[in-house]
$ cat structure-v7.tsv   # TSV, C-alpha atoms and all ligand atoms
chain	number	residue	atom	x	y	z
Z	1	MET	CA	68.15	-20.27	67.98
Z	2	THR	CA	71.77	-21.35	67.49
Z	3	THR	CA	73.45	-23.02	70.47
Z	4	ARG	CA	76.47	-20.89	71.24
Z	5	LEU	CA	79.27	-23.25	72.20
Z	6	TYR	CA	81.62	-20.41	73.20
Z	7	TYR	CA	79.32	-19.56	76.12
Z	8	ASP	CA	80.54	-22.67	77.96
Z	9	ASN	CA	84.01	-22.96	76.46
Z	10	SER	CA	85.75	-19.96	74.92
Z	11	LYS	CA	88.74	-22.17	74.04
Z	12	LEU	CA	86.78	-24.55	71.82
Z	13	THR	CA	87.95	-24.05	68.22
Z	14	ASP	CA	87.07	-27.29	66.40
Z	15	PHE	CA	83.46	-28.46	66.40
Z	16	SER	CA	80.89	-30.22	64.26
Z	17	ALA	CA	77.37	-28.96	63.63
Z	18	ARG	CA	74.38	-29.57	61.40
Z	19	VAL	CA	73.36	-27.19	58.60
Z	20	VAL	CA	69.97	-25.63	59.44
Z	21	GLU	CA	69.56	-23.02	56.67
Z	22	HIS	CA	71.26	-21.63	53.58
Z	23	LEU	CA	70.77	-17.90	52.92
Z	24	THR	CA	72.33	-14.80	51.35
Z	25	TRP	CA	73.79	-12.15	53.69
Z	26	ASP	CA	75.10	-8.81	52.36
Z	27	GLY	CA	75.39	-10.40	48.90
Z	28	HIS	CA	77.43	-13.38	50.15
Z	29	PRO	CA	76.41	-17.01	50.62
Z	30	ALA	CA	75.77	-17.79	54.31
Z	31	VAL	CA	74.66	-20.63	56.56
Z	32	ILE	CA	72.99	-21.08	59.93
Z	33	LEU	CA	74.04	-24.11	61.97
Z	34	ASP	CA	72.32	-25.81	64.91
Z	35	ARG	CA	75.35	-24.91	67.07
Z	36	THR	CA	78.53	-22.90	66.65
Z	37	ALA	CA	81.81	-21.93	68.30
Z	38	PHE	CA	82.02	-18.81	66.09
Z	39	TYR	CA	81.55	-15.54	67.97
Z	40	PRO	CA	79.36	-13.03	66.07
Z	41	THR	CA	80.02	-9.26	66.06
Z	42	SER	CA	78.39	-7.89	69.23
Z	43	GLY	CA	79.03	-5.93	72.41
Z	44	GLY	CA	82.03	-4.08	70.94
Z	45	GLN	CA	83.90	-7.32	70.12
Z	46	PRO	CA	84.49	-8.18	66.43
Z	47	ALA	CA	83.42	-11.52	64.95
Z	48	ASP	CA	85.64	-14.57	64.62
Z	49	ARG	CA	87.15	-15.84	61.38
Z	50	GLY	CA	87.89	-19.42	60.41
Z	51	MET	CA	86.60	-22.23	58.19
Z	52	LEU	CA	83.48	-24.33	57.70
Z	53	ASP	CA	84.84	-27.48	55.99
Z	54	SER	CA	87.16	-25.83	53.45
Z	55	VAL	CA	85.14	-22.63	53.00
Z	56	PRO	CA	86.53	-19.46	54.66
Z	57	VAL	CA	84.18	-17.64	57.07
Z	58	LEU	CA	84.31	-13.92	56.18
Z	59	ASN	CA	82.10	-12.61	58.94
Z	60	VAL	CA	79.68	-13.79	61.63
Z	61	ALA	CA	76.51	-11.88	62.46
Z	62	VAL	CA	73.31	-12.25	64.48
Z	63	ARG	CA	69.93	-12.26	62.70
Z	64	ASP	CA	67.71	-9.82	64.60
Z	65	THR	CA	64.44	-11.71	64.08
Z	66	ASP	CA	65.44	-14.96	65.82
Z	67	GLN	CA	68.98	-14.38	67.22
Z	68	ALA	CA	70.36	-17.07	64.86
Z	69	VAL	CA	74.12	-16.90	64.25
Z	70	VAL	CA	74.81	-16.28	60.54
Z	71	HIS	CA	78.13	-17.50	59.09
Z	72	VAL	CA	78.95	-15.35	56.05
Z	73	LEU	CA	81.04	-17.39	53.58
Z	74	ALA	CA	83.54	-16.74	50.79
Z	75	ALA	CA	81.79	-19.44	48.67
Z	76	PRO	CA	78.62	-21.55	48.94
Z	77	LEU	CA	78.95	-24.46	51.41
Z	78	PRO	CA	78.37	-27.69	49.40
Z	79	ARG	CA	76.31	-29.37	52.14
Z	80	PRO	CA	72.52	-29.60	52.14
Z	81	VAL	CA	70.38	-28.80	55.18
Z	82	GLY	CA	70.65	-31.60	57.73
Z	83	GLU	CA	74.22	-32.61	56.91
Z	84	GLU	CA	77.16	-32.19	59.28
Z	85	VAL	CA	79.91	-29.67	58.75
Z	86	ALA	CA	83.28	-29.26	60.49
Z	87	GLY	CA	83.97	-25.81	61.92
Z	88	ALA	CA	87.38	-24.38	62.85
Z	89	VAL	CA	87.76	-21.00	64.55
Z	90	ASP	CA	90.91	-18.92	63.82
Z	91	TRP	CA	92.45	-19.25	67.30
Z	92	PRO	CA	95.16	-16.53	67.26
Z	93	ARG	CA	92.53	-13.94	66.31
Z	94	ARG	CA	90.05	-15.24	68.89
Z	95	PHE	CA	92.67	-15.36	71.65
Z	96	ASP	CA	93.73	-11.79	70.83
Z	97	HIS	CA	90.10	-10.69	71.20
Z	98	MET	CA	89.81	-12.62	74.48
Z	99	GLN	CA	92.92	-10.87	75.86
Z	100	GLN	CA	91.75	-7.38	74.83
Z	101	HIS	CA	88.15	-7.92	75.89
Z	102	SER	CA	89.00	-9.48	79.27
Z	103	GLY	CA	91.50	-6.67	79.84
Z	104	GLN	CA	88.68	-4.21	79.22
Z	105	HIS	CA	86.61	-5.82	82.02
Z	106	LEU	CA	89.54	-5.29	84.41
Z	107	LEU	CA	90.20	-1.75	83.23
Z	108	SER	CA	86.54	-0.71	83.53
Z	109	ALA	CA	86.32	-2.30	86.99
Z	110	ALA	CA	89.52	-0.55	88.13
Z	111	PHE	CA	88.27	2.86	86.90
Z	112	GLU	CA	85.06	2.21	88.82
Z	113	ARG	CA	86.93	1.25	92.02
Z	114	LEU	CA	89.58	3.94	92.09
Z	115	LEU	CA	87.94	6.93	90.38
Z	116	LYS	CA	84.21	6.09	90.29
Z	117	GLY	CA	84.49	6.40	86.52
Z	118	HIS	CA	81.73	4.58	84.65
Z	119	THR	CA	82.47	2.97	81.30
Z	120	VAL	CA	80.13	4.39	78.64
Z	121	GLY	CA	81.77	2.98	75.52
Z	122	PHE	CA	84.03	0.13	74.32
Z	123	HIS	CA	85.60	-0.51	70.95
Z	124	LEU	CA	87.85	-3.42	70.01
Z	125	GLY	CA	89.47	-2.62	66.67
Z	126	ASP	CA	92.15	-4.38	64.64
Z	127	ALA	CA	94.78	-1.92	65.88
Z	128	VAL	CA	93.39	-0.01	68.86
Z	129	VAL	CA	91.16	-0.84	71.80
Z	130	THR	CA	89.35	1.96	73.61
Z	131	VAL	CA	87.03	2.49	76.56
Z	132	ASP	CA	85.18	5.74	77.15
Z	133	ILE	CA	85.16	6.72	80.84
Z	134	ALA	CA	82.57	9.23	82.04
Z	135	LEU	CA	85.14	11.54	83.63
Z	136	PRO	CA	86.45	14.70	81.92
Z	137	ASN	CA	90.14	15.55	81.39
Z	138	LEU	CA	91.79	12.49	82.96
Z	139	THR	CA	95.58	12.92	83.10
Z	140	PRO	CA	98.38	10.34	82.87
Z	141	ALA	CA	98.85	10.79	86.64
Z	142	ASP	CA	95.13	10.01	87.21
Z	143	VAL	CA	95.22	6.78	85.23
Z	144	ALA	CA	98.61	5.45	86.40
Z	145	PRO	CA	97.18	3.85	89.60
Z	146	VAL	CA	94.37	2.32	87.51
Z	147	GLU	CA	96.88	0.69	85.16
Z	148	GLU	CA	98.86	-0.46	88.21
Z	149	LEU	CA	95.82	-2.10	89.83
Z	150	VAL	CA	94.78	-3.85	86.60
Z	151	ASN	CA	98.23	-5.38	86.14
Z	152	ARG	CA	98.35	-6.51	89.78
Z	153	VAL	CA	95.07	-8.36	89.28
Z	154	ILE	CA	96.44	-9.87	86.04
Z	155	TRP	CA	99.53	-11.17	87.85
Z	156	GLU	CA	97.45	-12.57	90.72
Z	157	ASP	CA	96.06	-14.92	88.06
Z	158	ARG	CA	92.51	-14.82	89.39
Z	159	PRO	CA	89.87	-17.16	87.95
Z	160	VAL	CA	87.36	-15.73	85.45
Z	161	THR	CA	84.06	-17.62	85.43
Z	162	THR	CA	80.76	-17.24	83.60
Z	163	ARG	CA	77.23	-18.42	84.37
Z	164	PHE	CA	73.64	-17.71	83.46
Z	165	VAL	CA	71.44	-16.31	86.23
Z	166	THR	CA	67.72	-15.96	86.86
Z	167	ASP	CA	66.05	-12.56	87.26
Z	168	GLU	CA	65.85	-13.09	91.07
Z	169	GLU	CA	69.56	-13.89	91.32
Z	170	LEU	CA	70.36	-10.95	89.07
Z	171	ALA	CA	68.51	-8.48	91.32
Z	172	ALA	CA	70.66	-9.55	94.28
Z	173	LEU	CA	74.05	-9.28	92.53
Z	174	PRO	CA	76.33	-6.23	92.96
Z	175	LEU	CA	76.80	-5.74	89.21
Z	176	ARG	CA	79.17	-3.10	87.79
Z	177	ARG	CA	76.55	-2.26	85.18
Z	178	GLN	CA	73.01	-3.35	84.35
Z	179	PRO	CA	72.45	-5.78	81.45
Z	180	ALA	CA	71.64	-4.25	78.06
Z	181	VAL	CA	69.63	-7.29	76.92
Z	182	ARG	CA	66.61	-9.19	78.28
Z	183	GLY	CA	66.14	-12.89	78.83
Z	184	PRO	CA	68.62	-15.19	80.58
Z	185	ILE	CA	71.60	-13.03	81.56
Z	186	ARG	CA	75.18	-14.27	81.43
Z	187	ILE	CA	77.42	-13.00	84.22
Z	188	VAL	CA	81.21	-12.76	83.99
Z	189	HIS	CA	82.90	-12.98	87.35
Z	190	ILE	CA	86.54	-12.01	87.95
Z	191	ALA	CA	87.19	-13.34	91.45
Z	192	ASP	CA	86.90	-10.65	94.15
Z	193	PHE	CA	87.12	-7.93	91.54
Z	194	ASP	CA	84.35	-7.63	88.98
Z	195	LEU	CA	80.86	-8.92	88.32
Z	196	THR	CA	79.28	-7.83	85.08
Z	197	PRO	CA	76.78	-9.07	82.49
Z	198	CYS	CA	78.48	-9.96	79.18
Z	199	GLY	CA	77.98	-12.37	76.28
Z	200	GLY	CA	81.55	-12.14	74.98
Z	201	THR	CA	84.54	-14.49	75.06
Z	202	HIS	CA	86.95	-14.21	77.98
Z	203	VAL	CA	90.13	-15.82	79.28
Z	204	SER	CA	89.67	-18.34	82.10
Z	205	ARG	CA	92.33	-16.80	84.36
Z	206	THR	CA	93.47	-13.16	84.45
Z	207	GLY	CA	97.11	-14.25	83.98
Z	208	GLU	CA	96.30	-15.08	80.34
Z	209	ILE	CA	95.85	-11.36	79.67
Z	210	GLY	CA	99.58	-11.00	80.31
Z	211	LEU	CA	99.80	-7.21	80.52
Z	212	LEU	CA	97.63	-4.14	80.04
Z	213	LYS	CA	99.18	-0.87	78.91
Z	214	ILE	CA	97.36	2.44	78.53
Z	215	LEU	CA	98.68	4.22	75.43
Z	216	ARG	CA	96.75	7.45	75.01
Z	217	LEU	CA	94.12	9.68	76.62
Z	218	ASP	CA	91.74	11.52	74.34
Z	219	HIS	CA	89.63	14.25	75.95
Z	220	ARG	CA	86.11	14.37	74.57
Z	221	GLY	CA	84.09	16.84	76.61
Z	222	GLU	CA	82.56	15.05	79.61
Z	223	THR	CA	84.32	11.76	78.86
Z	224	THR	CA	87.89	10.59	78.39
Z	225	ARG	CA	88.68	7.97	75.76
Z	226	ILE	CA	91.35	5.56	77.01
Z	227	GLU	CA	93.36	3.76	74.34
Z	228	PHE	CA	95.00	0.57	75.61
Z	229	ILE	CA	96.36	-2.80	74.54
Z	230	CYS	CA	96.76	-6.18	76.21
Z	231	GLY	CA	98.80	-9.37	75.89
Z	232	GLY	CA	100.16	-10.13	72.43
Z	233	ARG	CA	99.42	-6.62	71.22
Z	234	ALA	CA	101.38	-5.16	74.14
Z	235	LEU	CA	104.36	-7.42	73.31
Z	236	GLU	CA	104.20	-6.39	69.64
Z	237	ASP	CA	103.99	-2.73	70.65
Z	238	TYR	CA	107.02	-3.17	72.96
Z	239	ARG	CA	108.97	-4.91	70.16
Z	240	ARG	CA	108.30	-2.15	67.67
Z	241	LYS	CA	109.01	0.69	70.07
Z	242	HIS	CA	112.17	-1.03	71.30
Z	243	ALA	CA	113.36	-1.43	67.69
Z	244	VAL	CA	112.71	2.27	66.98
Z	245	LEU	CA	114.57	3.39	70.11
Z	246	ALA	CA	117.48	1.04	69.43
Z	247	ARG	CA	117.74	2.39	65.87
Z	248	LEU	CA	117.60	6.01	67.00
Z	249	GLY	CA	120.19	5.28	69.70
Z	250	THR	CA	122.55	3.79	67.09
Z	251	MET	CA	121.97	6.78	64.77
Z	252	LEU	CA	122.78	9.27	67.52
Z	253	SER	CA	125.38	7.09	69.30
Z	254	VAL	CA	123.61	7.27	72.66
Z	255	GLY	CA	121.69	4.88	74.90
Z	256	TRP	CA	117.88	5.02	74.44
Z	257	TRP	CA	117.51	6.73	77.84
Z	258	GLU	CA	119.71	9.59	76.59
Z	259	LEU	CA	117.64	10.16	73.42
Z	260	PRO	CA	115.53	13.11	74.62
Z	261	GLU	CA	118.64	15.15	75.50
Z	262	ALA	CA	120.39	14.09	72.27
Z	263	VAL	CA	117.39	15.16	70.17
Z	264	GLU	CA	117.12	18.45	72.08
Z	265	ARG	CA	120.79	19.13	71.28
Z	266	LEU	CA	120.18	18.31	67.59
Z	267	LEU	CA	117.16	20.62	67.42
Z	268	ALA	CA	119.08	23.49	69.06
Z	269	GLU	CA	121.97	22.91	66.68
Z	270	GLY	CA	119.62	22.92	63.67
Z	271	LYS	CA	118.05	26.17	64.83
Z	272	GLN	CA	121.46	27.83	65.17
Z	273	LEU	CA	122.55	26.53	61.74
Z	274	ARG	CA	119.41	27.89	60.06
Z	275	LEU	CA	120.04	31.25	61.71
Z	276	ASP	CA	123.67	31.28	60.53
Z	277	LEU	CA	122.63	30.22	57.05
Z	278	ARG	CA	120.07	33.02	56.78
Z	279	ARG	CA	122.64	35.59	57.94
Z	280	ASN	CA	125.29	34.32	55.52
Z	281	ARG	CA	122.82	34.21	52.63
Z	282	GLN	CA	121.95	37.83	53.29
Z	283	ARG	CA	125.65	38.75	53.30
Z	284	LEU	CA	126.24	36.83	50.07
Z	285	LEU	CA	123.25	38.51	48.47
Z	286	ALA	CA	124.52	41.96	49.47
Z	287	ALA	CA	127.95	41.17	47.98
Z	288	GLU	CA	126.39	39.81	44.76
Z	289	ALA	CA	124.17	42.88	44.43
Z	290	GLU	CA	127.19	45.13	44.92
Z	291	GLU	CA	129.05	43.32	42.14
Z	292	LEU	CA	126.07	43.43	39.75
Z	293	ALA	CA	125.44	47.13	40.46
Z	294	ALA	CA	129.08	47.92	39.70
Z	295	ALA	CA	128.80	46.15	36.33
Z	296	ALA	CA	125.52	47.90	35.35
Z	297	VAL	CA	125.34	49.29	31.79
Z	298	ALA	CA	124.42	52.97	31.29
Z	299	ALA	CA	121.27	53.68	29.24
Z	300	ASP	CA	118.86	56.68	29.03
Z	301	GLY	CA	120.16	58.41	32.15
Z	302	HIS	CA	119.97	55.28	34.34
Z	303	ARG	CA	121.94	52.06	34.54
Z	304	VAL	CA	120.65	48.55	33.60
Z	305	VAL	CA	121.51	45.36	35.46
Z	306	TRP	CA	120.47	42.30	33.45
Z	307	ARG	CA	121.50	38.83	34.26
Z	308	VAL	CA	120.40	35.28	33.42
Z	309	PHE	CA	121.02	32.65	36.07
Z	310	HIS	CA	120.89	28.91	35.79
Z	311	ARG	CA	118.28	27.44	38.19
Z	312	ARG	CA	117.32	30.26	40.49
Z	313	THR	CA	113.96	30.35	42.21
Z	314	MET	CA	111.58	33.28	42.00
Z	315	ASP	CA	112.18	33.91	45.68
Z	316	GLU	CA	115.93	34.18	45.17
Z	317	LEU	CA	115.44	36.50	42.18
Z	318	ARG	CA	113.06	38.72	44.18
Z	319	ARG	CA	115.48	39.02	47.08
Z	320	LEU	CA	118.36	39.95	44.78
Z	321	ALA	CA	116.20	42.48	42.88
Z	322	LYS	CA	115.09	44.10	46.16
Z	323	GLU	CA	118.68	44.31	47.35
Z	324	LEU	CA	119.67	45.99	44.05
Z	325	ILE	CA	116.88	48.59	43.82
Z	326	ALA	CA	117.71	49.86	47.29
Z	327	ARG	CA	120.42	51.73	45.31
Z	328	PRO	CA	119.47	54.77	43.14
Z	329	GLY	CA	119.32	54.87	39.33
Z	330	LEU	CA	118.97	51.14	38.54
Z	331	VAL	CA	116.77	49.11	36.19
Z	332	VAL	CA	117.06	45.42	37.12
Z	333	MET	CA	116.15	42.51	34.85
Z	334	LEU	CA	116.80	39.04	36.25
Z	335	ALA	CA	115.97	35.58	34.91
Z	336	GLY	CA	116.32	32.10	36.43
Z	337	VAL	CA	116.31	29.32	33.84
Z	338	GLY	CA	114.97	25.98	35.04
Z	339	ASP	CA	114.41	22.72	33.19
Z	340	GLU	CA	110.79	23.53	32.35
Z	341	ARG	CA	110.12	27.15	33.30
Z	342	THR	CA	112.15	30.32	33.33
Z	343	ASN	CA	111.44	32.79	36.15
Z	344	LEU	CA	111.64	36.50	35.45
Z	345	CYS	CA	111.88	39.40	37.88
Z	346	PHE	CA	112.14	43.06	36.75
Z	347	ALA	CA	112.41	46.01	39.13
Z	348	ARG	CA	113.64	49.59	39.28
Z	349	SER	CA	114.92	52.06	41.84
Z	350	ALA	CA	112.38	54.58	43.19
Z	351	ASP	CA	114.07	57.45	41.31
Z	352	VAL	CA	113.84	55.82	37.87
Z	353	GLU	CA	110.77	56.45	35.71
Z	354	ARG	CA	110.10	53.29	33.79
Z	355	ASP	CA	107.10	50.87	33.73
Z	356	MET	CA	108.58	47.47	34.62
Z	357	ALA	CA	105.16	45.76	34.41
Z	358	ALA	CA	104.79	46.89	30.80
Z	359	LEU	CA	108.34	45.72	30.07
Z	360	MET	CA	107.58	42.36	31.72
Z	361	ARG	CA	104.46	41.93	29.58
Z	362	ARG	CA	106.44	42.61	26.41
Z	363	VAL	CA	109.20	40.13	27.32
Z	364	CYS	CA	106.67	37.50	28.34
Z	365	GLU	CA	104.84	37.96	25.08
Z	366	ALA	CA	108.10	37.38	23.20
Z	367	LEU	CA	108.82	34.24	25.26
Z	368	GLY	CA	105.28	32.85	25.25
Z	369	GLY	CA	104.89	33.29	29.01
Z	370	LYS	CA	102.82	35.31	31.48
Z	371	GLY	CA	103.67	38.11	33.86
Z	372	GLY	CA	102.84	41.51	35.34
Z	373	GLY	CA	103.04	43.55	38.52
Z	374	ARG	CA	103.53	47.13	39.66
Z	375	PRO	CA	105.38	49.82	37.69
Z	376	ASP	CA	108.37	49.41	40.02
Z	377	PHE	CA	108.35	45.63	40.54
Z	378	ALA	CA	107.12	42.88	38.21
Z	379	GLN	CA	107.50	39.17	37.87
Z	380	GLY	CA	106.62	36.50	35.35
Z	381	SER	CA	107.47	33.09	33.98
Z	382	ALA	CA	107.78	31.48	30.58
Z	383	PRO	CA	108.51	28.03	29.23
Z	384	THR	CA	112.22	27.35	28.93
Z	385	THR	CA	113.02	27.22	25.20
Z	386	ASP	CA	115.67	25.19	23.44
Z	387	GLN	CA	117.76	28.30	23.24
Z	388	GLY	CA	117.84	28.27	27.05
Z	389	LEU	CA	119.96	30.92	28.68
Z	390	VAL	CA	120.92	32.63	25.47
Z	391	GLY	CA	117.36	32.91	24.22
Z	392	VAL	CA	116.16	34.57	27.39
Z	393	ALA	CA	119.16	36.87	27.54
Z	394	LEU	CA	118.77	37.99	23.95
Z	395	SER	CA	115.08	38.57	24.32
Z	396	MET	CA	115.49	40.61	27.48
Z	397	HIS	CA	118.34	42.59	26.06
Z	398	ARG	CA	116.50	43.31	22.84
Z	399	THR	CA	113.38	44.54	24.55
Z	400	ALA	CA	115.24	46.61	27.09
Z	401	ALA	CA	117.43	48.26	24.46
Z	501	ZN	ZN	82.95	-9.46	78.36

$ encode --input "structure-v7.tsv" --output "structure tokens"
Amino acid sequence: MTTRLYYDNSKLTDFSARVVEHLTWDGHPAVILDRTAFYPTSGGQPADRGMLDSVPVLNVAVRDTDQAVVHVLAAPLPRPVGEEVAGAVDWPRRFDHMQQHSGQHLLSAAFERLLKGHTVGFHLGDAVVTVDIALPNLTPADVAPVEELVNRVIWEDRPVTTRFVTDEELAALPLRRQPAVRGPIRIVHIADFDLTPCGGTHVSRTGEIGLLKILRLDHRGETTRIEFICGGRALEDYRRKHAVLARLGTMLSVGWWELPEAVERLLAEGKQLRLDLRRNRQRLLAAEAEELAAAAVAADGHRVVWRVFHRRTMDELRRLAKELIARPGLVVMLAGVGDERTNLCFARSADVERDMAALMRRVCEALGGKGGGRPDFAQGSAPTTDQGLVGVALSMHRTAA
């Protein structure tokens, strides 16, 4: 079994150890040492990174059969069994994990104290840290006193100590939760606050956690998932949010505290503008339809409106056609020429007897496109040819005539 140096000193980063075994782990070269300061993935806390001599450590795991700590390497370690190797743990990453993990002890203990909420899950990810509390539908108002208590204990800078205990001692201790493993149990003690079994790495005084901030509550049936961050992550979060607010404040020429009202004003303004725009578009459309109807050409006892537009969407063509056929006696043929496709919309007034779908099919055939619809309203599209506007116009005119 590997001697775990981090049990006694979580701040030890540089150490020497003897190679005990070379092996392959998940397709990578790996070594087991007689002792290590590297923390392996366990108990919700991710593994350390760092170096063994000049070889990067990609991951650290525990071998189930004998609890040996396996260092998974980027390349084979050029040292035979029995030789010494120099280990170096990536300290910023380890310290981040210590801050988050120690903060979790405080948070879980505070939920227990104030709300009798048991912790049933813990996850320490690269971006988010979560605990699952066995209480449904916790609100921001419920958790505010918990966050307050945790930060008070952080600022009181209480000592955090660890020790191994015998089964008899264990039975007598008022633990927050029972140990999940057998054998000698390691107890983490936050003075006058929390006593819990844990094999992880912790700060030695609560002040090192710096700050704990709850970010989000996620309701999951009978439990509430609490997303939070501590220490360096909280500072980074503050930096980024402050930068966003400062930028928004500059954009809207208000102080950050005035942003909600400023954004509300903008949203209301946008809503009003969209309403005005829709109204004016409708007016414009009515005027355009009036003009087109007046210029319609007489043919076969009805009048034909045909027009080719540059860049007009199918939706715009449909609206205009609908506006036009509200009048009696009209056959309407509209096209919108785009860079790649030309949109076509044909329609007729209710009192005109003419199959616009059949007409659409004929025009589409001539243009190499596709289209169809009802006898009174049809639409289609065709590739825009080199002839562009003129080609479409001629084709429509020819077929209609
Ligand atoms: Zn712990």

$ closest_residue --input "structure-v7.tsv" --among "Z:His105, Z:His28, Z:Arg374, Z:Lys241" --to "ligand ZN 501 (chain Z)" --atoms "only C-alpha atoms and all ligand atoms"
Z:His105

$ closest_atom_pairs --input "structure-v7.tsv" --of "chain Z" --to "ligand ZN 501 (chain Z)" --cutoff "7 Å" --atoms "all atoms listed in the file" --output "Markdown table"
| residue | atom | partner | partner_atom | distance |
| --- | --- | --- | --- | --- |
| Z:His101 | CA | Z:ZN501 | ZN | 6.0 |
| Z:Ser102 | CA | Z:ZN501 | ZN | 6.1 |
| Z:His105 | CA | Z:ZN501 | ZN | 6.3 |
| Z:Val188 | CA | Z:ZN501 | ZN | 6.8 |
| Z:Cys198 | CA | Z:ZN501 | ZN | 4.6 |
| Z:Gly199 | CA | Z:ZN501 | ZN | 6.1 |
| Z:Gly200 | CA | Z:ZN501 | ZN | 4.5 |
| Z:Thr201 | CA | Z:ZN501 | ZN | 6.2 |
| Z:His202 | CA | Z:ZN501 | ZN | 6.2 |

$ atom_distance --input "structure-v7.tsv" --atom1 "CA of Gln104 in chain Z" --atom2 "CA of Leu12 in chain Z"
21.7 Å

$ atom_distance --input "structure-v7.tsv" --atom1 "CA of Glu147 in chain Z" --atom2 "CA of Gly125 in chain Z"
20.2 Å

$ atom_distance --input "structure-v7.tsv" --atom1 "CA of Leu175 in chain Z" --atom2 "CA of Ala68 in chain Z"
27.6 Å

$ residues_around --input "structure-v7.tsv" --residues "Glu83 in chain Z" --least-positions-apart "5" --cutoff "9 Å" --atoms "only C-alpha atoms" --output "PyMOL selection string"
chain Z and resi 17-20

$ residues_around --input "structure-v7.tsv" --residues "Gly373 in chain Z" --least-positions-apart "2" --cutoff "12 Å" --atoms "all atoms listed in the file" --output "JSON, numbers by chain"
{"Z": [344, 345, 346, 347, 355, 356, 357, 358, 359, 360, 361, 370, 371, 375, 376, 377, 378, 379, 380]}

$ closest_residue --input "structure-v7.tsv" --among "Z:Ile154, Z:Ile133, Z:Met1, Z:Val62" --to "Gly121 in chain Z" --atoms "all atoms listed in the file"
Z:Ile133

$ decode --input "structure-v7.tsv" --residues "range 366-379 of chain Z" --atoms "N, CA and C atoms" --output "PDB file, in the first residue's frame"
ATOM      1  N   ALA Z 366     -40.737  26.166 -66.906  1.00  0.00           N
ATOM      2  CA  ALA Z 366     -39.949  27.001 -67.820  1.00  0.00           C
ATOM      3  C   ALA Z 366     -38.667  27.502 -67.169  1.00  0.00           C
ATOM      4  N   LEU Z 367     -38.714  27.708 -65.835  1.00  0.00           N
ATOM      5  CA  LEU Z 367     -37.550  28.264 -65.125  1.00  0.00           C
ATOM      6  C   LEU Z 367     -36.686  27.198 -64.454  1.00  0.00           C
ATOM      7  N   GLY Z 368     -37.134  25.933 -64.551  1.00  0.00           N
ATOM      8  CA  GLY Z 368     -36.359  24.856 -63.921  1.00  0.00           C
ATOM      9  C   GLY Z 368     -36.523  24.839 -62.415  1.00  0.00           C
ATOM     10  N   GLY Z 369     -37.698  25.285 -61.921  1.00  0.00           N
ATOM     11  CA  GLY Z 369     -37.922  25.309 -60.475  1.00  0.00           C
ATOM     12  C   GLY Z 369     -39.050  24.383 -60.055  1.00  0.00           C
ATOM     13  N   LYS Z 370     -39.610  24.632 -58.887  1.00  0.00           N
ATOM     14  CA  LYS Z 370     -40.670  23.785 -58.338  1.00  0.00           C
ATOM     15  C   LYS Z 370     -41.727  24.651 -57.692  1.00  0.00           C
ATOM     16  N   GLY Z 371     -42.998  24.272 -57.821  1.00  0.00           N
ATOM     17  CA  GLY Z 371     -44.023  25.063 -57.165  1.00  0.00           C
ATOM     18  C   GLY Z 371     -45.397  24.441 -57.304  1.00  0.00           C
ATOM     19  N   GLY Z 372     -46.367  24.986 -56.567  1.00  0.00           N
ATOM     20  CA  GLY Z 372     -47.736  24.480 -56.629  1.00  0.00           C
ATOM     21  C   GLY Z 372     -48.575  25.190 -55.601  1.00  0.00           C
ATOM     22  N   GLY Z 373     -49.788  24.696 -55.358  1.00  0.00           N
ATOM     23  CA  GLY Z 373     -50.633  25.318 -54.343  1.00  0.00           C
ATOM     24  C   GLY Z 373     -52.089  25.095 -54.648  1.00  0.00           C
ATOM     25  N   ARG Z 374     -52.925  26.038 -54.241  1.00  0.00           N
ATOM     26  CA  ARG Z 374     -54.362  25.939 -54.478  1.00  0.00           C
ATOM     27  C   ARG Z 374     -54.699  26.699 -55.762  1.00  0.00           C
ATOM     28  N   PRO Z 375     -55.890  26.480 -56.310  1.00  0.00           N
ATOM     29  CA  PRO Z 375     -56.269  27.210 -57.530  1.00  0.00           C
ATOM     30  C   PRO Z 375     -56.203  28.730 -57.348  1.00  0.00           C
ATOM     31  N   ASP Z 376     -56.450  29.212 -56.117  1.00  0.00           N
ATOM     32  CA  ASP Z 376     -56.466  30.659 -55.914  1.00  0.00           C
ATOM     33  C   ASP Z 376     -55.155  31.236 -55.358  1.00  0.00           C
ATOM     34  N   PHE Z 377     -54.238  30.357 -54.894  1.00  0.00           N
ATOM     35  CA  PHE Z 377     -53.013  30.882 -54.281  1.00  0.00           C
ATOM     36  C   PHE Z 377     -51.891  29.846 -54.421  1.00  0.00           C
ATOM     37  N   ALA Z 378     -50.825  30.212 -55.113  1.00  0.00           N
ATOM     38  CA  ALA Z 378     -49.744  29.247 -55.345  1.00  0.00           C
ATOM     39  C   ALA Z 378     -48.396  29.909 -55.144  1.00  0.00           C
ATOM     40  N   GLN Z 379     -47.423  29.102 -54.765  1.00  0.00           N
ATOM     41  CA  GLN Z 379     -46.086  29.658 -54.627  1.00  0.00           C
ATOM     42  C   GLN Z 379     -45.039  28.664 -55.101  1.00  0.00           C
TER      43      GLN Z 379
END
